[in-house]
$ cat structure27.cif   # mmCIF, C-alpha atoms and all ligand atoms
data_upload
loop_
_atom_site.label_atom_id
_atom_site.label_comp_id
_atom_site.auth_asym_id
_atom_site.auth_seq_id
_atom_site.Cartn_x
_atom_site.Cartn_y
_atom_site.Cartn_z
CA MET A 222 46.59 -103.14 -137.38
CA SER A 223 47.97 -99.95 -138.90
CA ARG A 224 46.85 -98.25 -135.67
CA ILE A 225 49.11 -100.31 -133.40
CA HIS A 226 51.31 -97.35 -132.59
CA GLU A 227 48.20 -95.53 -131.31
CA LEU A 228 47.24 -98.34 -128.91
CA PRO A 229 48.20 -97.02 -125.43
CA LYS A 230 50.83 -99.36 -124.01
CA VAL A 231 52.72 -100.01 -120.81
CA GLU A 232 56.14 -101.60 -121.09
CA LEU A 233 57.26 -103.87 -118.23
CA HIS A 234 60.43 -105.45 -119.59
CA VAL A 235 62.97 -103.11 -121.11
CA HIS A 236 66.62 -102.75 -120.08
CA ILE A 237 67.57 -99.10 -120.39
CA GLU A 238 71.08 -100.17 -121.39
CA GLY A 239 69.48 -102.22 -124.16
CA THR A 240 68.02 -99.05 -125.66
CA LEU A 241 71.52 -97.68 -126.39
CA GLU A 242 71.33 -97.20 -130.16
CA PRO A 243 74.52 -97.51 -132.27
CA ASP A 244 74.31 -93.81 -133.24
CA LEU A 245 74.30 -92.84 -129.57
CA VAL A 246 77.24 -95.18 -128.83
CA LEU A 247 79.24 -93.33 -131.49
CA GLU A 248 78.12 -89.90 -130.31
CA LEU A 249 78.88 -90.51 -126.62
CA ALA A 250 82.24 -92.08 -127.51
CA ALA A 251 83.19 -89.02 -129.56
CA ASP A 252 82.14 -86.71 -126.69
CA ALA A 253 84.23 -88.64 -124.18
CA GLY A 254 87.25 -89.08 -126.48
CA ILE A 255 86.87 -92.87 -126.55
CA THR A 256 88.29 -94.66 -129.59
CA LEU A 257 86.00 -97.44 -130.79
CA PRO A 258 87.12 -100.52 -132.74
CA TYR A 259 84.63 -99.87 -135.60
CA PRO A 260 84.34 -96.93 -137.99
CA ASP A 261 80.61 -96.14 -137.80
CA ALA A 262 77.21 -97.09 -136.42
CA GLU A 263 76.49 -99.42 -139.34
CA ALA A 264 79.66 -101.42 -138.64
CA LEU A 265 78.60 -101.72 -134.99
CA ARG A 266 75.10 -102.79 -135.99
CA GLY A 267 76.67 -105.37 -138.27
CA ARG A 268 77.99 -107.14 -135.17
CA TYR A 269 74.46 -107.67 -133.86
CA VAL A 270 74.11 -111.28 -134.91
CA PHE A 271 73.59 -113.43 -131.84
CA ALA A 272 73.80 -117.17 -131.30
CA ASP A 273 72.43 -117.05 -127.76
CA LEU A 274 72.00 -114.82 -124.70
CA GLN A 275 75.71 -114.80 -123.80
CA SER A 276 76.86 -113.68 -127.24
CA PHE A 277 74.47 -110.72 -126.92
CA LEU A 278 75.51 -109.92 -123.34
CA ASP A 279 79.18 -109.72 -124.42
CA ILE A 280 78.44 -106.84 -126.82
CA TYR A 281 75.84 -105.26 -124.54
CA TYR A 282 78.35 -104.97 -121.67
CA GLU A 283 81.13 -103.81 -124.02
CA ASN A 284 79.00 -100.94 -125.37
CA LEU A 285 78.28 -99.68 -121.84
CA ASP A 286 81.77 -98.22 -121.70
CA VAL A 287 80.44 -95.05 -123.36
CA LEU A 288 78.03 -94.39 -120.47
CA ARG A 289 80.21 -92.53 -117.99
CA ARG A 290 78.66 -89.26 -116.88
CA ARG A 291 75.35 -88.42 -115.29
CA HIS A 292 74.16 -86.69 -118.44
CA ASP A 293 74.95 -89.79 -120.55
CA PHE A 294 72.39 -91.71 -118.50
CA ALA A 295 69.95 -88.80 -118.75
CA ARG A 296 70.31 -88.79 -122.53
CA LEU A 297 69.81 -92.56 -122.71
CA ALA A 298 66.60 -92.41 -120.66
CA TYR A 299 65.22 -89.44 -122.60
CA GLU A 300 65.94 -90.97 -126.02
CA TYR A 301 64.20 -94.20 -124.99
CA ALA A 302 61.15 -92.24 -123.81
CA VAL A 303 60.94 -90.32 -127.11
CA ARG A 304 61.08 -93.52 -129.19
CA ALA A 305 58.78 -95.52 -126.91
CA LEU A 306 56.15 -92.78 -126.91
CA ALA A 307 56.20 -92.66 -130.71
CA GLY A 308 55.13 -96.32 -130.58
CA GLY A 309 52.32 -95.66 -128.10
CA VAL A 310 54.08 -96.42 -124.80
CA VAL A 311 52.68 -94.14 -122.09
CA HIS A 312 54.42 -95.70 -119.08
CA ALA A 313 57.42 -98.00 -118.60
CA GLU A 314 58.88 -99.91 -115.68
CA VAL A 315 62.49 -99.77 -116.72
CA PHE A 316 65.33 -102.10 -115.72
CA PHE A 317 68.86 -100.92 -115.17
CA ASP A 318 71.98 -102.88 -114.21
CA PRO A 319 73.71 -100.96 -111.39
CA GLN A 320 76.54 -103.50 -111.09
CA ALA A 321 77.49 -103.08 -114.75
CA HIS A 322 78.26 -99.41 -114.03
CA ARG A 323 79.54 -99.75 -110.46
CA SER A 324 82.18 -102.23 -111.68
CA ARG A 325 83.41 -99.57 -114.15
CA GLY A 326 83.72 -96.96 -111.40
CA VAL A 327 80.66 -94.88 -112.30
CA PRO A 328 79.19 -93.46 -109.06
CA MET A 329 75.79 -94.93 -108.25
CA ALA A 330 74.41 -91.43 -107.67
CA ASP A 331 75.30 -90.48 -111.27
CA VAL A 332 73.68 -93.60 -112.76
CA VAL A 333 70.45 -93.18 -110.82
CA GLY A 334 70.47 -89.38 -110.95
CA GLY A 335 70.98 -89.37 -114.71
CA LEU A 336 68.13 -91.80 -115.35
CA VAL A 337 65.86 -89.78 -113.07
CA ASP A 338 66.84 -86.55 -114.89
CA GLY A 339 66.12 -88.04 -118.33
CA PHE A 340 62.74 -89.43 -117.35
CA ALA A 341 61.80 -86.23 -115.50
CA ARG A 342 62.43 -84.28 -118.70
CA ALA A 343 60.27 -86.75 -120.69
CA ARG A 344 57.49 -86.40 -118.15
CA THR A 345 57.59 -82.61 -118.24
CA GLU A 346 57.81 -82.36 -122.02
CA PHE A 347 55.28 -84.99 -123.06
CA GLY A 348 53.77 -86.71 -120.03
CA PHE A 349 55.67 -89.99 -120.43
CA THR A 350 56.11 -91.72 -117.05
CA ALA A 351 58.69 -94.29 -115.95
CA ASP A 352 59.61 -96.16 -112.80
CA LEU A 353 62.96 -97.81 -112.16
CA ILE A 354 63.72 -101.43 -111.29
CA ALA A 355 67.31 -102.28 -110.32
CA CYS A 356 68.40 -105.67 -111.62
CA PHE A 357 71.06 -107.80 -109.96
CA LEU A 358 73.41 -109.76 -112.19
CA ARG A 359 72.85 -113.46 -111.55
CA ASP A 360 76.31 -114.39 -112.85
CA ARG A 361 77.91 -112.29 -110.10
CA PRO A 362 78.00 -113.33 -106.42
CA ALA A 363 74.89 -112.74 -104.30
CA ALA A 364 77.08 -110.81 -101.81
CA GLU A 365 77.75 -108.25 -104.54
CA ALA A 366 74.00 -107.91 -105.13
CA ALA A 367 73.55 -107.25 -101.40
CA GLU A 368 76.24 -104.54 -101.47
CA THR A 369 74.56 -103.02 -104.50
CA LEU A 370 71.22 -102.87 -102.72
CA ASP A 371 72.96 -101.14 -99.78
CA GLU A 372 74.41 -98.56 -102.16
CA LEU A 373 71.04 -97.96 -103.80
CA VAL A 374 69.57 -97.34 -100.36
CA ALA A 375 72.50 -95.08 -99.43
CA VAL A 376 71.91 -92.80 -102.45
CA ASP A 377 68.17 -92.87 -101.82
CA ALA A 378 67.50 -94.33 -105.28
CA PRO A 379 63.80 -93.95 -106.14
CA ILE A 380 63.44 -97.56 -107.34
CA ILE A 381 60.11 -99.38 -107.15
CA GLY A 382 61.58 -102.87 -107.31
CA VAL A 383 64.44 -105.24 -107.91
CA GLY A 384 65.00 -107.79 -110.66
CA LEU A 385 67.45 -110.51 -111.68
CA ASP A 386 69.04 -110.67 -115.10
CA SER A 387 72.14 -111.67 -117.14
CA ALA A 388 73.25 -115.25 -117.92
CA GLU A 389 70.47 -117.59 -116.78
CA VAL A 390 71.82 -121.06 -117.54
CA GLY A 391 73.95 -122.33 -114.64
CA ASN A 392 73.00 -119.36 -112.42
CA PRO A 393 69.91 -120.32 -110.40
CA ALA A 394 67.84 -117.88 -108.35
CA SER A 395 68.30 -119.51 -104.92
CA PRO A 396 71.51 -117.68 -103.84
CA PHE A 397 69.61 -114.39 -104.22
CA ALA A 398 66.85 -115.33 -101.75
CA ASP A 399 68.31 -113.20 -98.94
CA VAL A 400 68.82 -110.04 -100.99
CA PHE A 401 65.31 -110.36 -102.43
CA ALA A 402 63.90 -110.86 -98.90
CA ARG A 403 65.69 -107.68 -97.82
CA ALA A 404 64.24 -105.86 -100.85
CA ALA A 405 60.77 -107.06 -99.82
CA ASP A 406 61.36 -105.72 -96.29
CA LEU A 407 62.22 -102.38 -97.86
CA GLY A 408 58.82 -102.39 -99.56
CA LEU A 409 60.22 -103.11 -103.04
CA ARG A 410 58.50 -105.20 -105.71
CA ARG A 411 60.33 -108.25 -107.09
CA VAL A 412 60.70 -109.65 -110.59
CA ALA A 413 63.19 -112.03 -112.18
CA HIS A 414 64.20 -113.26 -115.60
CA ALA A 415 63.37 -116.97 -115.73
CA GLY A 416 62.53 -119.47 -118.43
CA GLU A 417 64.20 -117.44 -121.19
CA GLU A 418 67.00 -119.91 -121.93
CA ALA A 419 66.75 -122.20 -118.89
CA GLY A 420 63.79 -124.52 -118.39
CA PRO A 421 60.70 -124.55 -116.16
CA GLU A 422 62.81 -125.28 -113.05
CA SER A 423 64.24 -121.77 -113.36
CA ILE A 424 60.71 -120.31 -113.21
CA ARG A 425 59.88 -122.41 -110.16
CA GLY A 426 63.10 -121.21 -108.53
CA ALA A 427 62.18 -117.54 -109.05
CA ILE A 428 58.74 -118.11 -107.51
CA ASP A 429 59.86 -120.31 -104.61
CA HIS A 430 63.09 -118.53 -103.64
CA LEU A 431 62.49 -114.92 -104.64
CA GLY A 432 58.73 -114.48 -104.18
CA VAL A 433 58.45 -112.63 -107.47
CA ASP A 434 55.43 -110.55 -108.55
CA ARG A 435 56.17 -111.16 -112.25
CA ILE A 436 58.26 -113.54 -114.33
CA ASP A 437 60.38 -111.93 -117.04
CA HIS A 438 60.13 -114.05 -120.21
CA GLY A 439 58.73 -117.31 -118.77
CA ILE A 440 58.27 -118.78 -122.25
CA ARG A 441 59.69 -122.17 -121.25
CA SER A 442 56.68 -122.66 -118.96
CA VAL A 443 55.05 -124.31 -121.99
CA ASP A 444 57.40 -127.26 -121.40
CA ASP A 445 55.76 -128.06 -118.04
CA PRO A 446 51.94 -128.25 -118.16
CA ASP A 447 51.63 -128.36 -114.34
CA LEU A 448 53.72 -125.23 -113.96
CA LEU A 449 51.80 -123.45 -116.72
CA ALA A 450 48.50 -124.36 -115.03
CA GLU A 451 49.86 -122.93 -111.78
CA LEU A 452 50.94 -119.70 -113.49
CA VAL A 453 47.46 -119.38 -115.00
CA ALA A 454 45.71 -120.11 -111.67
CA THR A 455 47.84 -117.54 -109.79
CA ARG A 456 47.55 -114.94 -112.59
CA MET A 457 51.35 -114.67 -112.61
CA PRO A 458 52.28 -112.09 -115.26
CA LEU A 459 54.82 -113.14 -117.89
CA THR A 460 56.72 -110.34 -119.59
CA VAL A 461 57.20 -111.95 -123.00
CA CYS A 462 59.65 -110.45 -125.52
CA PRO A 463 59.03 -112.06 -128.93
CA LEU A 464 61.65 -110.27 -131.09
CA SER A 465 64.26 -110.79 -128.36
CA ASN A 466 63.50 -114.52 -128.29
CA VAL A 467 64.00 -114.75 -132.06
CA CYS A 468 67.23 -112.70 -132.04
CA LEU A 469 68.79 -114.72 -129.21
CA GLN A 470 67.59 -117.97 -130.76
CA ALA A 471 65.50 -118.92 -127.74
CA VAL A 472 63.04 -119.91 -130.49
CA SER A 473 64.02 -120.88 -134.03
CA ASP A 474 61.71 -118.31 -135.64
CA LEU A 475 58.68 -116.19 -134.79
CA ALA A 476 56.30 -118.81 -136.22
CA SER A 477 57.46 -121.27 -133.55
CA HIS A 478 57.19 -118.80 -130.68
CA PRO A 479 54.99 -120.21 -127.88
CA LEU A 480 52.92 -117.00 -127.60
CA PRO A 481 49.75 -118.62 -129.05
CA ASP A 482 50.08 -121.57 -126.63
CA LEU A 483 50.50 -119.21 -123.68
CA LEU A 484 47.47 -117.20 -124.78
CA SER A 485 45.26 -120.21 -125.33
CA ALA A 486 46.30 -121.63 -121.94
CA GLY A 487 45.03 -118.39 -120.37
CA ALA A 488 48.40 -117.13 -119.14
CA HIS A 489 48.71 -113.48 -118.12
CA VAL A 490 50.90 -112.56 -121.09
CA THR A 491 52.33 -109.10 -121.66
CA LEU A 492 54.39 -107.98 -124.65
CA ASN A 493 57.73 -106.19 -124.28
CA SER A 494 60.85 -105.18 -126.18
CA ASP A 495 63.70 -106.24 -123.80
CA ASP A 496 66.72 -104.66 -125.56
CA PRO A 497 65.18 -102.86 -128.53
CA ALA A 498 68.37 -101.26 -129.87
CA TYR A 499 69.75 -104.78 -130.40
CA PHE A 500 66.73 -106.90 -131.28
CA GLY A 501 65.24 -105.07 -134.21
CA GLY A 502 62.36 -103.24 -132.66
CA TYR A 503 60.61 -101.32 -129.93
CA LEU A 504 57.33 -102.29 -128.29
CA ASP A 505 55.15 -101.29 -131.25
CA ASP A 506 57.37 -103.42 -133.51
CA ASN A 507 56.85 -106.41 -131.20
CA PHE A 508 53.06 -105.88 -131.30
CA THR A 509 53.13 -105.56 -135.10
CA ALA A 510 55.31 -108.64 -135.58
CA VAL A 511 53.12 -110.96 -133.51
CA ALA A 512 49.89 -109.46 -134.87
CA GLU A 513 51.05 -110.24 -138.41
CA GLN A 514 52.60 -113.62 -137.60
CA PHE A 515 49.65 -114.97 -135.64
CA GLY A 516 46.81 -112.94 -137.13
CA LEU A 517 45.87 -111.34 -133.80
CA ASP A 518 42.75 -109.19 -133.95
CA ASP A 519 42.31 -105.80 -132.27
CA GLU A 520 40.48 -107.36 -129.34
CA THR A 521 43.46 -109.59 -128.58
CA LEU A 522 45.93 -106.72 -129.01
CA ALA A 523 43.85 -104.59 -126.62
CA ARG A 524 43.75 -107.52 -124.16
CA LEU A 525 47.55 -107.80 -124.29
CA ALA A 526 47.84 -104.05 -123.66
CA ARG A 527 45.39 -104.28 -120.72
CA ASN A 528 47.34 -107.22 -119.27
CA SER A 529 50.43 -105.00 -118.98
CA VAL A 530 48.52 -102.29 -117.17
CA VAL A 531 47.10 -104.77 -114.66
CA ALA A 532 50.54 -106.39 -114.18
CA SER A 533 52.22 -103.02 -113.65
CA PHE A 534 53.05 -101.53 -110.28
CA LEU A 535 51.05 -98.39 -111.06
CA PRO A 536 48.43 -97.16 -108.59
CA ALA A 537 44.84 -98.20 -109.38
CA SER A 538 43.80 -94.69 -110.48
CA ARG A 539 46.49 -94.49 -113.21
CA GLN A 540 45.75 -98.08 -114.27
CA ARG A 541 42.09 -97.12 -114.73
CA GLU A 542 43.01 -94.07 -116.77
CA ILE A 543 45.18 -96.10 -119.18
CA ILE A 544 42.64 -98.92 -119.44
CA ASP A 545 39.97 -96.37 -120.37
CA ARG A 546 42.23 -95.17 -123.19
CA ILE A 547 42.78 -98.76 -124.37
CA ASP A 548 39.02 -99.33 -124.33
CA GLY A 549 38.65 -96.15 -126.41
CA TRP A 550 41.18 -97.45 -128.94
CA GLN A 551 39.32 -100.74 -129.23
CA ALA A 552 35.93 -99.04 -129.55
CA ALA A 553 37.28 -96.81 -132.33
CA SER A 554 38.66 -99.84 -134.16
CA THR A 555 35.25 -101.58 -133.94
CA GLU A 556 33.48 -98.45 -135.22
CA SER A 557 35.86 -98.09 -138.15
CA ARG A 558 34.75 -101.51 -139.39
CA TRP A 559 31.18 -100.24 -139.87
N1 LIG B 1 68.27 -111.42 -120.78
C1 LIG B 1 68.94 -111.52 -119.63
N2 LIG B 1 69.65 -110.53 -119.14
C2 LIG B 1 69.68 -109.37 -119.82
C3 LIG B 1 69.01 -109.22 -121.00
C4 LIG B 1 68.27 -110.30 -121.50
O1 LIG B 1 67.64 -110.23 -122.60
N3 LIG B 1 69.24 -107.97 -121.43
C5 LIG B 1 70.02 -107.38 -120.52
N4 LIG B 1 70.30 -108.23 -119.54
ZN ZN B 2 65.42 -108.90 -120.27
#
$ encode --input "structure27.cif" --output "structure tokens"
Amino acid sequence: MSRIHELPKVELHVHIEGTLEPDLVLELAADAGITLPYPDAEALRGRYVFADLQSFLDIYYENLDVLRRRHDFARLAYEYAVRALAGGVVHAEVFFDPQAHRSRGVPMADVVGGLVDGFARARTEFGFTADLIACFLRDRPAAEAAETLDELVAVDAPIIGVGLDSAEVGNPASPFADVFARAADLGLRRVAHAGEEAGPESIRGAIDHLGVDRIDHGIRSVDDPDLLAELVATRMPLTVCPLSNVCLQAVSDLASHPLPDLLSAGAHVTLNSDDPAYFGGYLDDNFTAVAEQFGLDDETLARLARNSVVASFLPASRQREIIDRIDGWQAASTESRW
């Protein structure tokens, strides 16, 4: 288990804005001459006690104010890549929230261009690769999502897909059917947060109305055995985020997380960090936490890592290359026992 950071990993559920560390908030604020209502990074971190998703989103959106210029987004992307790589992440399919920046007057070209710059630097310097998925905010009107997609097309954003995030309860997927259909026509992949705080009906909605390729979170599928059986039969990937679920009180503690039930049902589970700057850990920390909590062996950890590769939108040749490296990690761990 001490070798978890060496296990090659693909991350499928991480919000780039959720990787904004308190130190970087302070640094970018100082650069831009923004006065913050707290004296230091520790005081900001002290506010990271969440009762639910909304209480987190309030602080998450507030902190975004420091991201204003193209190079702020580049810095954010690069810093995430550095930290993720240290934990064994070799590729990430990264969410960003265009509307959260558009509404603050940041040009779309700067948001997208900055993220592309930061990840290009990470690729050149240490071979880390990333693809971008633009998420629509489900607590904003669907018409605004459609305008946002138009703007992304207008700036030629190199996104591979679209997603749906923000406050889930009371904001069903169905109004977004048209914008997701348009994204599909554009050749984009589709994912959606569902079954994080809302129940199984939210997961059904994402499948039926949005035609998603993956479900982000999906943990509440354990409340509906028929749905879970369907997810297993269709090999629908679930991008599960254990430390996030604990921090946002979607589960009362890690011991009661449904991960073991999902695994034993045969669901296509992947592990992810969600908003690591807020939830106490990056992808390697999520692997370590569940390995310790549930006593997962190296074979299971390697299976979880392989699941992410297979559920990714990477071409088959790159998937093969990463799976070979995971197999190598597992073989080395078996050898070291002898
Ligand atoms: N859930 C839903 N929406 C989000 C999250 C999350 O954890 N992080 C950023 N947007
Ligand atoms: Zn998320």
$ residues_around --input "structure27.cif" --residues "stretch 260-264 of chain A" --least-positions-apart "3" --cutoff "9 Å" --atoms "only C-alpha atoms" --output "MDAnalysis selection string"
chainID A and resid 242:247 257 267:268
$ residues_around --input "structure27.cif" --residues "stretch 475-481 of chain A" --least-positions-apart "5" --cutoff "9 Å" --atoms "all atoms listed in the file" --output "list in words"
Ile440, Arg441, Val443, Val461, Pro463, Leu464, Asn466, Val467, Ala486, Val490, Ala510, Val511, Gln514 and Phe515 of chain A
$ axis_aligned_box --input "structure27.cif" --around "stretch 399-408 of chain A" --padding-each-side "8 Å" --output "lines of an AutoDock Vina configuration file"
center_x = 63.8
center_y = -107.8
center_z = -99.4
size_x = 26.0
size_y = 26.8
size_z = 22.1
$ residues_around --input "structure27.cif" --residues "A:Gly384" --least-positions-apart "4" --cutoff "10 Å" --atoms "all atoms listed in the file" --output "PyMOL selection string"
chain A and resi 316-318+354-359+401+410-414+431+433+435-437
$ residues_near_ligand --input "structure27.cif" --ligand "ligand LIG 1 (chain B)" --cutoff "6 Å" --atoms "all atoms listed in the file" --output "PDB file with C-alpha atoms, in the frame of the given file"
ATOM      1  CA  HIS A 236      66.620-102.750-120.080  1.00  0.00           C
ATOM      2  CA  ASP A 386      69.040-110.670-115.100  1.00  0.00           C
ATOM      3  CA  SER A 387      72.140-111.670-117.140  1.00  0.00           C
ATOM      4  CA  ALA A 388      73.250-115.250-117.920  1.00  0.00           C
ATOM      5  CA  ASP A 495      63.700-106.240-123.800  1.00  0.00           C
ATOM      6  CA  ASP A 496      66.720-104.660-125.560  1.00  0.00           C
TER       7      ASP A 496
END
$ residues_around --input "structure27.cif" --residues "A:Thr350" --least-positions-apart "4" --cutoff "9 Å" --atoms "all atoms listed in the file" --output "PDB file with C-alpha atoms, in the coordinates of the input"
ATOM      1  CA  ALA A 302      61.150 -92.240-123.810  1.00  0.00           C
ATOM      2  CA  VAL A 311      52.680 -94.140-122.090  1.00  0.00           C
ATOM      3  CA  HIS A 312      54.420 -95.700-119.080  1.00  0.00           C
ATOM      4  CA  ALA A 313      57.420 -98.000-118.600  1.00  0.00           C
ATOM      5  CA  GLU A 314      58.880 -99.910-115.680  1.00  0.00           C
ATOM      6  CA  PHE A 340      62.740 -89.430-117.350  1.00  0.00           C
ATOM      7  CA  ALA A 341      61.800 -86.230-115.500  1.00  0.00           C
ATOM      8  CA  ALA A 343      60.270 -86.750-120.690  1.00  0.00           C
ATOM      9  CA  ARG A 344      57.490 -86.400-118.150  1.00  0.00           C
TER      10      ARG A 344
END
$ closest_residue --input "structure27.cif" --among "A:Arg541, A:Arg304, A:Arg289, A:His438" --to "ligand ZN 2 (chain B)" --atoms "all atoms listed in the file"
A:His438
$ atom_distance --input "structure27.cif" --atom1 "atom CA of A:Ala295" --atom2 "atom CA of A:Asp338"
5.4 Å
$ closest_residue --input "structure27.cif" --among "A:Leu274, A:Leu288, A:Leu492, A:Ala298" --to "A:Glu389" --atoms "all atoms listed in the file"
A:Leu274
$ residues_around --input "structure27.cif" --residues "A:Leu297" --least-positions-apart "3" --cutoff "8 Å" --atoms "only C-alpha atoms" --output "PyMOL selection string"
chain A and resi 237-238+240-241+293-294+300-301+336+339
$ atom_distance --input "structure27.cif" --atom1 "atom CA of A:Phe277" --atom2 "atom CA of A:Gly426"
24.0 Å
$ closest_residue --input "structure27.cif" --among "A:Ala415, A:Leu452, A:Ala330, A:Ala523" --to "ligand ZN 2 (chain B)" --atoms "all atoms listed in the file"
A:Ala415
$ closest_residue --input "structure27.cif" --among "A:Val235, A:Ala378, A:Ala537, A:Leu525" --to "ligand ZN 2 (chain B)" --atoms "all atoms listed in the file"
A:Val235
$ atom_distance --input "structure27.cif" --atom1 "atom CA of A:Met329" --atom2 "atom CA of A:Thr369"
9.0 Å
$ closest_residue --input "structure27.cif" --among "A:Glu422, A:Val333, A:Leu265, A:Thr460" --to "A:Asp377" --atoms "only C-alpha atoms"
A:Val333
$ closest_residue --input "structure27.cif" --among "A:Gly335, A:Gly391, A:Gly439, A:Pro319" --to "A:Ala367" --atoms "all atoms listed in the file"
A:Pro319
$ residues_near_point --input "structure27.cif" --point "(48.1, -100.5, -118.5)" --cutoff "9 Å" --atoms "all atoms listed in the file" --output "compact mmCIF listing (two decimals) with C-alpha atoms, in the coordinates of the input"
# COMPACT_ATOMS: atom_id res chain seq x y z
CA PRO A 229 48.20 -97.02 -125.43
CA LYS A 230 50.83 -99.36 -124.01
CA VAL A 231 52.72 -100.01 -120.81
CA GLU A 232 56.14 -101.60 -121.09
CA VAL A 311 52.68 -94.14 -122.09
CA HIS A 312 54.42 -95.70 -119.08
CA ALA A 526 47.84 -104.05 -123.66
CA ARG A 527 45.39 -104.28 -120.72
CA ASN A 528 47.34 -107.22 -119.27
CA SER A 529 50.43 -105.00 -118.98
CA VAL A 530 48.52 -102.29 -117.17
CA VAL A 531 47.10 -104.77 -114.66
CA ALA A 532 50.54 -106.39 -114.18
CA SER A 533 52.22 -103.02 -113.65
CA LEU A 535 51.05 -98.39 -111.06
CA ARG A 539 46.49 -94.49 -113.21
CA GLN A 540 45.75 -98.08 -114.27
CA ARG A 541 42.09 -97.12 -114.73
CA GLU A 542 43.01 -94.07 -116.77
CA ILE A 543 45.18 -96.10 -119.18
CA ILE A 544 42.64 -98.92 -119.44
CA ILE A 547 42.78 -98.76 -124.37
$ decode --input "structure27.cif" --residues "stretch 270-307 of chain A" --atoms "C-alpha atoms" --output "PDB file, in the first residue's frame"
ATOM      1  CA  VAL A 270     -16.135  22.783   7.088  1.00  0.00           C
ATOM      2  CA  PHE A 271     -19.128  21.786   4.996  1.00  0.00           C
ATOM      3  CA  ALA A 272     -22.616  20.669   5.934  1.00  0.00           C
ATOM      4  CA  ASP A 273     -23.617  19.757   2.381  1.00  0.00           C
ATOM      5  CA  LEU A 274     -22.878  20.438  -1.292  1.00  0.00           C
ATOM      6  CA  GLN A 275     -24.342  23.962  -1.264  1.00  0.00           C
ATOM      7  CA  SER A 276     -22.257  25.137   1.690  1.00  0.00           C
ATOM      8  CA  PHE A 277     -19.153  24.017  -0.237  1.00  0.00           C
ATOM      9  CA  LEU A 278     -20.293  25.594  -3.516  1.00  0.00           C
ATOM     10  CA  ASP A 279     -20.755  28.972  -1.772  1.00  0.00           C
ATOM     11  CA  ILE A 280     -17.045  29.123  -0.840  1.00  0.00           C
ATOM     12  CA  TYR A 281     -15.893  27.481  -4.080  1.00  0.00           C
ATOM     13  CA  TYR A 282     -17.612  30.172  -6.193  1.00  0.00           C
ATOM     14  CA  GLU A 283     -16.443  32.963  -3.864  1.00  0.00           C
ATOM     15  CA  ASN A 284     -12.781  31.915  -4.192  1.00  0.00           C
ATOM     16  CA  LEU A 285     -12.988  32.006  -7.997  1.00  0.00           C
ATOM     17  CA  ASP A 286     -12.826  35.793  -7.865  1.00  0.00           C
ATOM     18  CA  VAL A 287      -9.013  35.564  -7.834  1.00  0.00           C
ATOM     19  CA  LEU A 288      -8.968  33.827 -11.241  1.00  0.00           C
ATOM     20  CA  ARG A 289      -9.073  36.740 -13.651  1.00  0.00           C
ATOM     21  CA  ARG A 290      -6.289  36.591 -16.218  1.00  0.00           C
ATOM     22  CA  ARG A 291      -5.266  33.966 -18.722  1.00  0.00           C
ATOM     23  CA  HIS A 292      -2.097  33.207 -16.790  1.00  0.00           C
ATOM     24  CA  ASP A 293      -4.086  32.629 -13.567  1.00  0.00           C
ATOM     25  CA  PHE A 294      -5.846  29.744 -15.298  1.00  0.00           C
ATOM     26  CA  ALA A 295      -2.529  28.514 -16.698  1.00  0.00           C
ATOM     27  CA  ARG A 296      -1.019  28.521 -13.216  1.00  0.00           C
ATOM     28  CA  LEU A 297      -4.020  26.665 -11.781  1.00  0.00           C
ATOM     29  CA  ALA A 298      -3.816  23.925 -14.417  1.00  0.00           C
ATOM     30  CA  TYR A 299      -0.048  23.553 -14.085  1.00  0.00           C
ATOM     31  CA  GLU A 300      -0.113  23.360 -10.269  1.00  0.00           C
ATOM     32  CA  TYR A 301      -2.799  20.668 -10.410  1.00  0.00           C
ATOM     33  CA  ALA A 302      -0.727  18.651 -12.895  1.00  0.00           C
ATOM     34  CA  VAL A 303       2.376  18.866 -10.672  1.00  0.00           C
ATOM     35  CA  ARG A 304       0.479  17.650  -7.591  1.00  0.00           C
ATOM     36  CA  ALA A 305      -1.518  14.993  -9.444  1.00  0.00           C
ATOM     37  CA  LEU A 306       1.604  13.550 -11.056  1.00  0.00           C
ATOM     38  CA  ALA A 307       3.300  13.298  -7.663  1.00  0.00           C
TER      39      ALA A 307
END
